[in-house]
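Asker: Sharing final_11.cif, mmCIF, C-alpha atoms and all ligand atoms:
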data_model
#
loop_
_atom_site.label_atom_id
_atom_site.label_comp_id
_atom_site.auth_asym_id
_atom_site.auth_seq_id
_atom_site.Cartn_x
_atom_site.Cartn_y
_atom_site.Cartn_z
CA MET A 284 -15.88 11.79 4.14
CA MET A 285 -17.46 12.84 7.39
CA LEU A 286 -17.53 10.60 10.42
CA SER A 287 -19.96 11.35 13.14
CA GLY A 288 -20.43 8.66 15.60
CA ALA A 289 -20.09 7.23 18.96
CA ARG A 290 -22.02 10.37 18.70
CA SER A 291 -19.52 11.11 16.00
CA ARG A 292 -19.27 11.78 12.23
CA LEU A 293 -16.77 11.64 9.10
CA PRO A 294 -16.72 13.86 5.82
CA ALA A 295 -14.04 14.11 3.04
CA SER A 296 -12.91 17.47 1.91
CA VAL A 297 -9.89 19.72 1.92
CA ALA A 298 -7.75 19.88 5.06
CA PRO A 299 -5.39 22.86 4.67
CA ALA A 300 -3.80 22.37 8.08
CA ALA A 301 -2.68 18.88 7.13
CA VAL A 302 -1.11 20.11 3.93
CA LEU A 303 0.84 22.77 5.77
CA ALA A 304 2.08 20.20 8.27
CA ALA A 305 3.22 18.09 5.35
CA ALA A 306 5.43 20.86 4.05
CA LEU A 307 6.93 21.57 7.45
CA LEU A 308 7.68 18.02 8.48
CA SER A 309 8.71 16.17 5.40
CA SER A 310 12.33 17.28 5.60
CA PHE A 311 12.44 15.81 9.10
CA ALA A 312 11.12 12.55 7.65
CA ARG A 313 13.97 12.44 5.20
CA CYS A 314 16.77 12.86 7.70
CA SER A 315 15.48 10.65 10.45
CA LEU A 316 14.21 7.54 8.79
CA GLN A 317 16.44 6.89 5.85
CA GLY A 318 17.71 3.34 5.62
CA ARG A 319 14.61 1.72 7.07
CA GLY A 320 14.01 -0.03 3.79
CA ASP A 321 11.45 2.58 2.89
CA PRO A 322 11.98 4.33 -0.43
CA VAL A 323 12.06 7.82 1.08
CA ALA A 324 12.83 8.52 -2.45
CA SER A 325 13.11 12.04 -3.35
CA VAL A 326 14.69 15.33 -2.38
CA LEU A 327 11.60 16.69 -4.14
CA SER A 328 9.16 15.15 -1.62
CA PRO A 329 8.82 18.31 0.50
CA TYR A 330 7.34 20.06 -2.54
CA PHE A 331 4.60 17.52 -3.38
CA GLY A 332 1.83 19.46 -1.61
CA THR A 333 -1.40 17.46 -1.49
CA LYS A 334 0.41 14.52 -3.14
CA THR A 335 2.75 14.12 -0.18
CA ARG A 336 2.70 10.66 1.39
CA TYR A 337 1.28 10.66 4.91
CA GLU A 338 4.40 8.90 6.20
CA ASP A 339 6.57 11.73 4.87
CA VAL A 340 4.55 14.11 7.05
CA ASN A 341 4.41 11.85 10.06
CA PRO A 342 7.47 9.56 10.11
CA TRP A 343 6.00 7.62 13.06
CA LEU A 344 3.66 5.95 10.62
CA LEU A 345 6.64 3.93 9.39
CA VAL A 346 7.53 2.82 12.91
CA ASP A 347 4.01 1.95 14.11
CA PRO A 348 1.14 2.93 11.83
CA VAL A 349 -1.48 2.28 14.50
CA ALA A 350 0.12 3.84 17.58
CA GLN A 351 -1.58 6.99 18.79
CA GLN A 352 0.66 10.03 18.83
CA ARG A 353 -1.33 12.48 20.93
CA ASP A 354 -0.27 13.78 24.32
CA PRO A 355 -2.17 11.44 26.67
CA GLU A 356 -2.58 14.20 29.25
CA LEU A 357 -4.80 16.06 26.86
CA LEU A 358 -7.34 13.29 27.10
CA ALA A 359 -6.69 11.87 30.55
CA GLY A 360 -6.94 15.21 32.32
CA THR A 361 -9.88 17.50 32.66
CA CYS A 362 -11.37 16.91 29.23
CA THR A 363 -14.00 14.30 28.49
CA PRO A 364 -14.56 13.63 24.81
CA VAL A 365 -18.30 13.69 24.22
CA GLN A 366 -18.49 13.44 20.47
CA LEU A 367 -16.08 13.09 17.60
CA VAL A 368 -16.65 14.83 14.31
CA ALA A 369 -13.91 14.25 11.75
CA LEU A 370 -13.59 15.72 8.30
CA ILE A 371 -11.36 13.34 6.37
CA ARG A 372 -9.86 13.42 2.91
CA HIS A 373 -9.74 10.33 0.70
CA GLY A 374 -6.60 8.19 0.79
CA THR A 375 -3.84 7.88 -1.79
CA ARG A 376 -5.28 7.67 -5.30
CA TYR A 377 -4.38 7.12 -8.94
CA PRO A 378 -3.87 10.08 -11.27
CA THR A 379 -6.98 11.28 -13.10
CA THR A 380 -7.64 10.30 -16.72
CA LYS A 381 -6.75 13.86 -17.75
CA GLN A 382 -3.36 13.55 -16.08
CA ILE A 383 -2.78 10.09 -17.52
CA ARG A 384 -3.50 11.36 -21.06
CA LYS A 385 -1.00 14.19 -20.64
CA LEU A 386 1.58 11.74 -19.38
CA ARG A 387 0.94 9.56 -22.43
CA GLN A 388 1.44 12.65 -24.62
CA LEU A 389 4.80 13.28 -22.93
CA GLN A 390 5.80 9.66 -23.40
CA GLY A 391 4.87 9.98 -27.08
CA LEU A 392 7.14 13.02 -27.42
CA LEU A 393 10.02 11.02 -26.00
CA GLN A 394 9.52 8.23 -28.54
CA THR A 395 9.77 10.68 -31.45
CA ARG A 396 12.85 12.54 -30.23
CA GLY A 397 15.99 12.36 -32.38
CA SER A 398 17.79 9.14 -31.47
CA GLY A 399 21.51 8.56 -31.42
CA ASP A 400 23.56 11.44 -30.09
CA ARG A 401 24.62 13.16 -26.91
CA GLY A 402 22.94 10.45 -24.86
CA SER A 403 21.00 12.09 -22.09
CA GLY A 404 20.76 9.27 -19.58
CA VAL A 405 17.51 10.70 -18.19
CA ALA A 406 15.80 10.87 -21.60
CA ALA A 407 16.80 7.30 -22.41
CA ALA A 408 15.63 6.04 -19.01
CA LEU A 409 12.31 7.86 -19.46
CA ALA A 410 11.72 6.50 -22.95
CA GLU A 411 12.01 3.02 -21.45
CA TRP A 412 10.03 3.74 -18.30
CA PRO A 413 6.75 1.78 -18.55
CA LEU A 414 3.57 3.83 -18.50
CA TRP A 415 1.61 1.82 -15.97
CA TYR A 416 -1.29 4.20 -15.63
CA ASP A 417 -4.40 3.50 -17.66
CA ASP A 418 -7.54 5.55 -18.30
CA TRP A 419 -9.78 3.33 -16.13
CA MET A 420 -7.75 4.28 -13.04
CA ASP A 421 -9.23 7.79 -13.21
CA GLY A 422 -8.44 9.10 -9.74
CA GLN A 423 -9.56 5.91 -7.98
CA LEU A 424 -8.38 4.95 -4.52
CA VAL A 425 -5.36 2.62 -4.60
CA GLU A 426 -4.61 -0.19 -2.13
CA LYS A 427 -2.19 2.14 -0.31
CA GLY A 428 -5.11 4.55 0.06
CA ARG A 429 -7.30 1.84 1.65
CA GLN A 430 -4.47 1.18 4.06
CA ASP A 431 -4.22 4.93 4.85
CA MET A 432 -7.89 4.85 5.85
CA ARG A 433 -7.82 1.59 7.82
CA GLN A 434 -4.85 2.79 9.84
CA LEU A 435 -6.43 6.18 10.45
CA ALA A 436 -9.53 4.44 11.81
CA LEU A 437 -7.42 2.25 14.10
CA ARG A 438 -5.51 5.28 15.40
CA LEU A 439 -8.69 7.26 16.10
CA ALA A 440 -10.26 4.29 17.88
CA ALA A 441 -7.13 3.87 20.02
CA LEU A 442 -7.11 7.58 20.76
CA PHE A 443 -10.75 7.75 21.89
CA PRO A 444 -11.45 4.34 23.44
CA ASP A 445 -14.61 5.49 25.24
CA LEU A 446 -16.15 7.02 22.14
CA PHE A 447 -15.29 3.95 20.10
CA SER A 448 -16.69 1.50 22.62
CA ARG A 449 -18.64 -1.48 21.31
CA GLU A 450 -21.94 0.02 22.53
CA ASN A 451 -21.29 3.14 20.49
CA TYR A 452 -20.37 1.26 17.33
CA GLY A 453 -23.97 1.18 16.10
CA ARG A 454 -24.25 4.96 16.50
CA LEU A 455 -21.42 5.67 14.11
CA GLN A 456 -22.45 7.68 11.10
CA LEU A 457 -20.40 8.21 7.95
CA ILE A 458 -21.24 10.71 5.26
CA THR A 459 -19.31 10.74 2.00
CA SER A 460 -19.32 12.49 -1.34
CA SER A 461 -20.28 10.42 -4.37
CA LYS A 462 -16.71 10.38 -5.74
CA HIS A 463 -15.67 6.74 -5.97
CA ARG A 464 -12.38 7.41 -4.14
CA CYS A 465 -14.37 8.90 -1.24
CA VAL A 466 -16.98 6.12 -1.15
CA ASP A 467 -14.12 3.59 -1.18
CA SER A 468 -12.26 5.53 1.52
CA SER A 469 -15.35 5.39 3.76
CA ALA A 470 -15.60 1.63 3.28
CA ALA A 471 -11.90 1.17 4.05
CA PHE A 472 -12.27 3.34 7.16
CA LEU A 473 -15.12 1.13 8.38
CA GLN A 474 -13.02 -1.95 7.67
CA GLY A 475 -10.28 -0.50 9.84
CA LEU A 476 -12.78 0.06 12.65
CA TRP A 477 -14.09 -3.46 12.22
CA GLN A 478 -10.55 -4.72 12.69
CA HIS A 479 -10.41 -2.68 15.91
CA TYR A 480 -13.35 -4.66 17.28
CA HIS A 481 -12.36 -8.00 15.74
CA PRO A 482 -8.54 -8.09 15.69
CA GLY A 483 -7.09 -10.74 13.42
CA LEU A 484 -10.30 -11.42 11.51
CA PRO A 485 -10.68 -10.40 7.86
CA PRO A 486 -13.28 -7.62 7.56
CA PRO A 487 -16.58 -8.51 5.85
CA ASP A 488 -18.40 -6.46 3.25
CA VAL A 489 -19.47 -3.02 4.48
CA SER A 490 -23.15 -4.07 4.45
CA ASP A 491 -22.38 -6.85 6.98
CA MET A 492 -20.55 -4.75 9.53
CA GLY A 493 -23.46 -4.04 11.81
CA CYS A 494 -23.36 -0.28 11.46
CA ASP A 495 -25.00 2.13 9.03
CA PRO A 496 -23.29 2.02 5.62
CA PRO A 497 -21.78 5.37 4.54
CA ARG A 498 -24.40 7.78 3.23
CA ILE A 499 -23.74 9.85 0.14
CA ASN A 500 -24.48 13.56 0.49
CA ASP A 501 -22.88 15.79 -2.15
CA LYS A 502 -24.73 18.89 -0.99
CA LEU A 503 -22.78 18.64 2.24
CA MET A 504 -19.51 17.08 1.09
CA ARG A 505 -19.11 18.73 -2.31
CA PHE A 506 -20.58 22.03 -1.20
CA PHE A 507 -18.65 23.89 -3.91
CA ASP A 508 -20.53 22.01 -6.63
CA HIS A 509 -23.81 23.23 -5.16
CA CYS A 510 -22.96 26.88 -4.67
CA GLU A 511 -24.28 28.92 -7.61
CA LYS A 512 -22.15 31.96 -6.84
CA PHE A 513 -18.98 29.88 -6.69
CA LEU A 514 -19.84 28.13 -9.96
CA THR A 515 -20.44 31.37 -11.89
CA ASP A 516 -17.77 33.55 -10.28
CA VAL A 517 -14.97 30.97 -10.12
CA GLU A 518 -15.51 27.45 -11.43
CA ARG A 519 -16.98 28.37 -14.83
CA ASN A 520 -15.22 31.71 -15.11
CA ASP A 521 -12.25 31.57 -17.47
CA SER A 522 -10.66 34.71 -16.05
CA ALA A 523 -10.93 33.70 -12.37
CA LEU A 524 -7.55 31.97 -12.54
CA TYR A 525 -5.75 34.62 -14.58
CA HIS A 526 -2.87 34.82 -12.10
CA VAL A 527 -2.32 31.09 -12.59
CA GLU A 528 -2.31 31.47 -16.36
CA ALA A 529 0.14 34.36 -16.08
CA PHE A 530 2.49 32.31 -13.96
CA LYS A 531 2.32 29.38 -16.39
CA THR A 532 3.78 31.58 -19.13
CA GLY A 533 6.03 33.65 -16.88
CA PRO A 534 9.83 33.65 -16.67
CA GLU A 535 10.07 31.07 -13.83
CA MET A 536 8.14 28.48 -15.83
CA GLN A 537 9.89 29.38 -19.08
CA LYS A 538 13.23 28.59 -17.48
CA ILE A 539 11.98 25.12 -16.50
CA LEU A 540 10.46 24.55 -19.95
CA ASN A 541 13.81 25.29 -21.60
CA LYS A 542 15.69 23.08 -19.19
CA VAL A 543 13.30 20.14 -19.46
CA ALA A 544 13.24 20.40 -23.27
CA ALA A 545 17.03 20.12 -23.25
CA THR A 546 16.98 17.17 -20.86
CA LEU A 547 14.31 15.30 -22.81
CA GLN A 548 15.85 16.30 -26.17
CA VAL A 549 12.52 17.54 -27.50
CA PRO A 550 11.60 20.94 -29.00
CA VAL A 551 10.65 23.46 -26.31
CA ASN A 552 7.46 24.42 -28.16
CA SER A 553 6.20 20.83 -27.84
CA LEU A 554 6.06 21.35 -24.07
CA ASN A 555 3.88 23.53 -21.85
CA ALA A 556 3.36 24.18 -18.13
CA ASP A 557 0.60 21.56 -17.85
CA LEU A 558 2.80 18.81 -19.27
CA ILE A 559 5.66 19.81 -16.97
CA GLN A 560 3.33 19.74 -13.99
CA VAL A 561 2.12 16.26 -14.90
CA ALA A 562 5.72 15.07 -15.18
CA PHE A 563 6.34 16.42 -11.67
CA PHE A 564 3.15 14.80 -10.31
CA THR A 565 4.25 11.51 -11.85
CA CYS A 566 7.34 11.59 -9.66
CA SER A 567 5.03 11.88 -6.61
CA PHE A 568 2.48 9.33 -7.86
CA ASP A 569 5.13 6.69 -8.64
CA LEU A 570 6.47 7.16 -5.13
CA ALA A 571 3.11 7.18 -3.32
CA ILE A 572 1.45 4.39 -5.30
CA LYS A 573 4.32 2.11 -6.27
CA GLY A 574 6.93 3.10 -3.70
CA VAL A 575 9.47 3.55 -6.48
CA HIS A 576 11.83 6.31 -7.49
CA SER A 577 10.60 7.41 -10.91
CA PRO A 578 13.04 8.72 -13.53
CA TRP A 579 10.60 11.64 -13.85
CA CYS A 580 12.02 12.80 -10.50
CA ASP A 581 15.45 13.16 -12.12
CA VAL A 582 14.13 15.72 -14.58
CA PHE A 583 13.77 18.31 -11.82
CA ASP A 584 15.96 19.84 -9.15
CA VAL A 585 14.85 21.46 -5.90
CA ASP A 586 14.58 24.94 -7.46
CA ASP A 587 12.27 23.58 -10.16
CA ALA A 588 10.24 21.80 -7.49
CA LYS A 589 9.76 25.08 -5.61
CA VAL A 590 8.38 26.72 -8.74
CA LEU A 591 6.04 23.80 -9.46
CA GLU A 592 4.88 23.64 -5.86
CA TYR A 593 4.11 27.35 -6.10
CA LEU A 594 2.16 26.85 -9.33
CA ASN A 595 -0.09 24.30 -7.64
CA ASP A 596 -0.46 26.45 -4.50
CA LEU A 597 -1.40 29.41 -6.67
CA LYS A 598 -4.11 27.41 -8.40
CA GLN A 599 -5.58 26.17 -5.11
CA TYR A 600 -5.33 29.69 -3.68
CA TRP A 601 -7.59 31.10 -6.38
CA LYS A 602 -9.81 28.07 -6.91
CA ARG A 603 -10.38 26.74 -3.41
CA SER A 604 -8.91 29.14 -0.93
CA TYR A 605 -8.37 32.78 0.04
CA GLY A 606 -8.38 34.20 -3.49
CA TYR A 607 -12.14 34.73 -3.54
CA SER A 608 -14.22 34.90 -0.38
CA ILE A 609 -16.96 32.74 -1.92
CA ASN A 610 -14.45 29.85 -1.98
CA SER A 611 -14.52 29.52 1.79
CA ARG A 612 -18.03 30.84 2.29
CA SER A 613 -19.37 27.99 0.15
CA SER A 614 -18.41 25.62 2.99
CA CYS A 615 -20.77 27.30 5.48
CA THR A 616 -23.48 24.64 5.07
CA LEU A 617 -21.03 21.92 6.02
CA PHE A 618 -19.72 23.82 9.04
CA GLN A 619 -23.23 24.66 10.16
CA GLU A 620 -24.01 20.93 10.11
CA ILE A 621 -20.88 20.15 12.13
CA PHE A 622 -21.63 22.80 14.78
CA LEU A 623 -25.23 21.64 15.04
CA HIS A 624 -23.98 18.16 15.90
CA LEU A 625 -21.54 19.51 18.47
CA ASP A 626 -24.18 21.73 20.09
CA LYS A 627 -26.58 18.82 20.31
CA ALA A 628 -23.95 16.60 21.92
CA VAL A 629 -23.12 19.24 24.52
CA GLU A 630 -26.78 19.82 25.27
CA GLN A 631 -27.41 16.10 25.77
CA LYS A 632 -24.37 15.82 28.00
CA GLN A 633 -25.55 18.70 30.17
CA ARG A 634 -28.97 17.13 30.55
C1 LIG A 701 -14.71 36.33 -13.43
O1 LIG A 701 -13.52 36.62 -12.68
C2 LIG A 701 -13.05 37.93 -12.84
C3 LIG A 701 -11.75 38.01 -12.05
O2 LIG A 701 -11.96 37.76 -10.68
C4 LIG A 701 -14.09 38.92 -12.34
O3 LIG A 701 -13.61 40.25 -12.53
C5 LIG A 701 -15.39 38.70 -13.08
O4 LIG A 701 -16.39 39.51 -12.53
C6 LIG A 701 -15.83 37.25 -12.98
N1 LIG A 701 -16.98 37.00 -13.81
C7 LIG A 701 -18.13 36.58 -13.33
C8 LIG A 701 -19.21 36.28 -14.30
O5 LIG A 701 -18.32 36.43 -12.14
#
Represent the supplied structure as structure tokens.

Answerer:
Amino acid sequence: MMLSGARSRLPASVAPAAVLAAALLSSFARCSLQGRGDPVASVLSPYFGTKTRYEDVNPWLLVDPVAQQRDPELLAGTCTPVQLVALIRHGTRYPTTKQIRKLRQLQGLLQTRGSGDRGSGVAAALAEWPLWYDDWMDGQLVEKGRQDMRQLALRLAALFPDLFSRENYGRLQLITSSKHRCVDSSAAFLQGLWQHYHPGLPPPDVSDMGCDPPRINDKLMRFFDHCEKFLTDVERNDSALYHVEAFKTGPEMQKILNKVAATLQVPVNSLNADLIQVAFFTCSFDLAIKGVHSPWCDVFDVDDAKVLEYLNDLKQYWKRSYGYSINSRSSCTLFQEIFLHLDKAVEQKQR
């Protein structure tokens, strides 16, 4: 989602800097805030990548989700904010249908495993763990995700009070991709802003908020879907991710496959890297969506988590990031749009 309003603007896409911060800070979150009644569940949390909870990256969110955390001197000193352009990812979401089906396949394997015997506590706990994900959920924004967005809006508004003045409210412009989780994130963001202007009142429907409703623009926000060279060279090219495929069948993954097969008491050839990865994601989804410690977390130790984190990084590296230069170059249209808005704002200010 892209916010441009108060002479500013919001889009949703990938934010690599935020992901890096997540990895660096989540261990801090674990030591400092345990025992606050928050299920800071897992020693695996630092390896969840893009499925890391925001509060594990920024532990202040648990103390005061709306408080601004920026050095006030930065804004009170010589700088005058003229325009805000924010590129924002969607909030916490459900797994995709593809992931849910793989999880169901895993659950099915557990039901058929030889009963009786050596009694792996983890396997028994997993066989009884309810599968609460259903196909309709297909990557949709969850309530926690709406809250992520509302609180982000409130923090931004508190951080830039002049930009988010009442007079500027009508000039706010949101652009979103057509993905339902992004459209819903935009609406939740606007609801958060509405709460900023009307504290204590329940927010109305987006169409009654007195500002432009979010506009869908996939050419801008899903630039990769509209870049022919990216589609042929990477997206539809079976060999573009060959390093990922190699890693999936390599010795590091094989070790985990053997170990998990033993834990689950299922044949190792009934498992594969994709199923293992879904099991690992389920640990992070159960935590982010339900706030519970899933027994799927107990299948893995920290060394496994490092391997699985690497597998996901490797995939994003080749599919979205540095692996092929077209991956980043496909975002040029979006960045051109952003810089045009900034240039215009500066020009108007100077006049
Ligand atoms: C697919 O990817 C491979 C590996 O990067 C590359 O050598 C090949 O040229 C690509 N094919 C197409 C059609 O771009």

Asker: I'd like the interatomic distance between CA of Leu540 in chain A and CA of Leu558 in chain A, to a tenth of an Å.

Answerer: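 According to the coordinates, CA of Leu540 in chain A and CA of Leu558 in chain A are separated by 9.6 Å.
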
Asker: Which one is closest to Leu570 in chain A: A:Arg464, A:Lys427, A:Arg612, A:Arg438? Count only C-alpha atoms.

Answerer: A:Lys427

Asker: Using all atoms listed in the file, find each residue in chain A having at least one atom no more than 7 Å away from ligand LIG 701 (chain A); report its shortest atom-to-atom pair and that distance in Å (one decimal), rows by chain then rising number, as a Markdown table.

Answerer:
| residue | atom | partner | partner_atom | distance |
| --- | --- | --- | --- | --- |
| A:Thr515 | CA | A:LIG701 | O5 | 5.5 |
| A:Asp516 | CA | A:LIG701 | O5 | 3.5 |
| A:Val517 | CA | A:LIG701 | C1 | 6.3 |
| A:Asn520 | CA | A:LIG701 | C1 | 4.9 |
| A:Asp521 | CA | A:LIG701 | C1 | 6.7 |
| A:Ser522 | CA | A:LIG701 | O1 | 4.8 |
| A:Ala523 | CA | A:LIG701 | O1 | 3.9 |

Asker: If I take CA of Ser613 in chain A and CA of Phe513 in chain A, how far is one from the other in Å, to one decimal?

Answerer: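 CA of Phe513 in chain A lies 7.1 Å from CA of Ser613 in chain A.
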
Asker: For Ile539 in chain A, work out the shell of residues within 9 Å, counting all atoms listed in the file and skipping chain neighbours fewer than 6 positions away, then give it as a PyMOL selection string.

Answerer: chain A and resi 556+559+583+587+590

Asker: Would you mind listing what lies within 9 Å of Gln478 in chain A as a ChimeraX atom specification, with all atoms listed in the file counted and same-chain residues fewer than 6 positions away left out?

Answerer: /A:433,437,484-486

Asker: Near Cys494 in chain A, counting all atoms listed in the file, which residues have an atom at most 9 Å away, once you skip same-chain residues fewer than 2 positions from it, shown as a PDB file with C-alpha atoms, in the coordinates of the input?

Answerer:
ATOM      1  CA  TYR A 452     -20.370   1.260  17.330  1.00  0.00           C
ATOM      2  CA  GLY A 453     -23.970   1.180  16.100  1.00  0.00           C
ATOM      3  CA  ARG A 454     -24.250   4.960  16.500  1.00  0.00           C
ATOM      4  CA  LEU A 455     -21.420   5.670  14.110  1.00  0.00           C
ATOM      5  CA  GLN A 456     -22.450   7.680  11.100  1.00  0.00           C
ATOM      6  CA  LEU A 473     -15.120   1.130   8.380  1.00  0.00           C
ATOM      7  CA  VAL A 489     -19.470  -3.020   4.480  1.00  0.00           C
ATOM      8  CA  SER A 490     -23.150  -4.070   4.450  1.00  0.00           C
ATOM      9  CA  ASP A 491     -22.380  -6.850   6.980  1.00  0.00           C
ATOM     10  CA  MET A 492     -20.550  -4.750   9.530  1.00  0.00           C
ATOM     11  CA  PRO A 496     -23.290   2.020   5.620  1.00  0.00           C
TER      12      PRO A 496
END

Asker: List as a list in words the protein and nucleic acid residues near Val527 in chain A, meaning an atom at most 8 Å away when only C-alpha atoms are counted, but skip any in the same chain fewer than 6 places from it.

Answerer: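 Contacts, with the query itself left out: Leu594, Leu597 and Lys598 of chain A.
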
Asker: Enumerate, in order of chain and increasing residue number, the residues of range 393-510 of chain A with an atom no farther than 7 Å from range 369-376 of chain A, each with its shortest atom pair and distance in Å to one decimal, counting only C-alpha atoms, as a tab-separated table.

Answerer:
residue	atom	partner	partner_atom	distance
A:Gly422	CA	A:Arg376	CA	5.6
A:Gln423	CA	A:Arg376	CA	5.3
A:Leu424	CA	A:Arg376	CA	4.2
A:Val425	CA	A:Arg376	CA	5.1
A:Lys427	CA	A:Thr375	CA	6.2
A:Gly428	CA	A:Gly374	CA	4.0
A:Arg429	CA	A:Gly374	CA	6.4
A:Asp431	CA	A:Gly374	CA	5.7
A:Met432	CA	A:Gly374	CA	6.2
A:Arg464	CA	A:His373	CA	6.2
A:Cys465	CA	A:His373	CA	5.2
A:Ser468	CA	A:His373	CA	5.5

Asker: Can you tell me how far CA of Trp343 in chain A sits from CA of Leu442 in chain A, in Å to one decimal?

Answerer: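 One can read the CA of Trp343 in chain A to CA of Leu442 in chain A distance as 15.2 Å.
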
Asker: Quick one: residues within 9 Å of Leu435 in chain A, all atoms listed in the file, excluding same-chain residues fewer than 5 positions away - as a PyMOL selection string?

Answerer: chain A and resi 348-349+430+440+472+475

Asker: As AutoDock Vina command-line options, please: the centre and edge lengths in Å, to one decimal, of an axis-aligned box enclosing every listed atom of range 616-626 of chain A with 8 Å added on each side.

Answerer:
--center_x -22.5 --center_y 21.4 --center_z 12.6 --size_x 21.5 --size_y 22.5 --size_z 31.0

Asker: Using all atoms listed in the file, which residue out of A:Leu409, A:Ala470, A:Met504, A:Ala350 lies closest to Ser614 in chain A?

Answerer: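 Using all atoms listed in the file, the shortest distance to Ser614 in chain A belongs to A:Met504.
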
Asker: Using all atoms listed in the file for the distances, tell me which of A:Asp445, A:Asp581, A:Ile609, A:Val549 is nearest to Thr395 in chain A.

Answerer: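 With all atoms listed in the file as the atom set, the closest residue is A:Val549.
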
Asker: With all atoms listed in the file as the atoms that count, which of A:Gln631, A:Thr565, A:Thr616, A:Ser608 lies nearest to Thr379 in chain A?

Answerer: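 For Thr379 in chain A, the nearest of the candidates is A:Thr565.
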
Asker: Looking at all atoms listed in the file, which of A:Val346, A:Leu386, A:Val629, A:Val405 is the one that sits closest to Ala544 in chain A?

Answerer: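 The closest residue to Ala544 in chain A is A:Val405.
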
Asker: Out of A:Lys627, A:Lys385, A:Arg449, A:His576, which residue has the shortest atom-to-atom distance to Leu554 in chain A when counting all atoms listed in the file?

Answerer: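 Nearest to Leu554 in chain A: A:Lys385.
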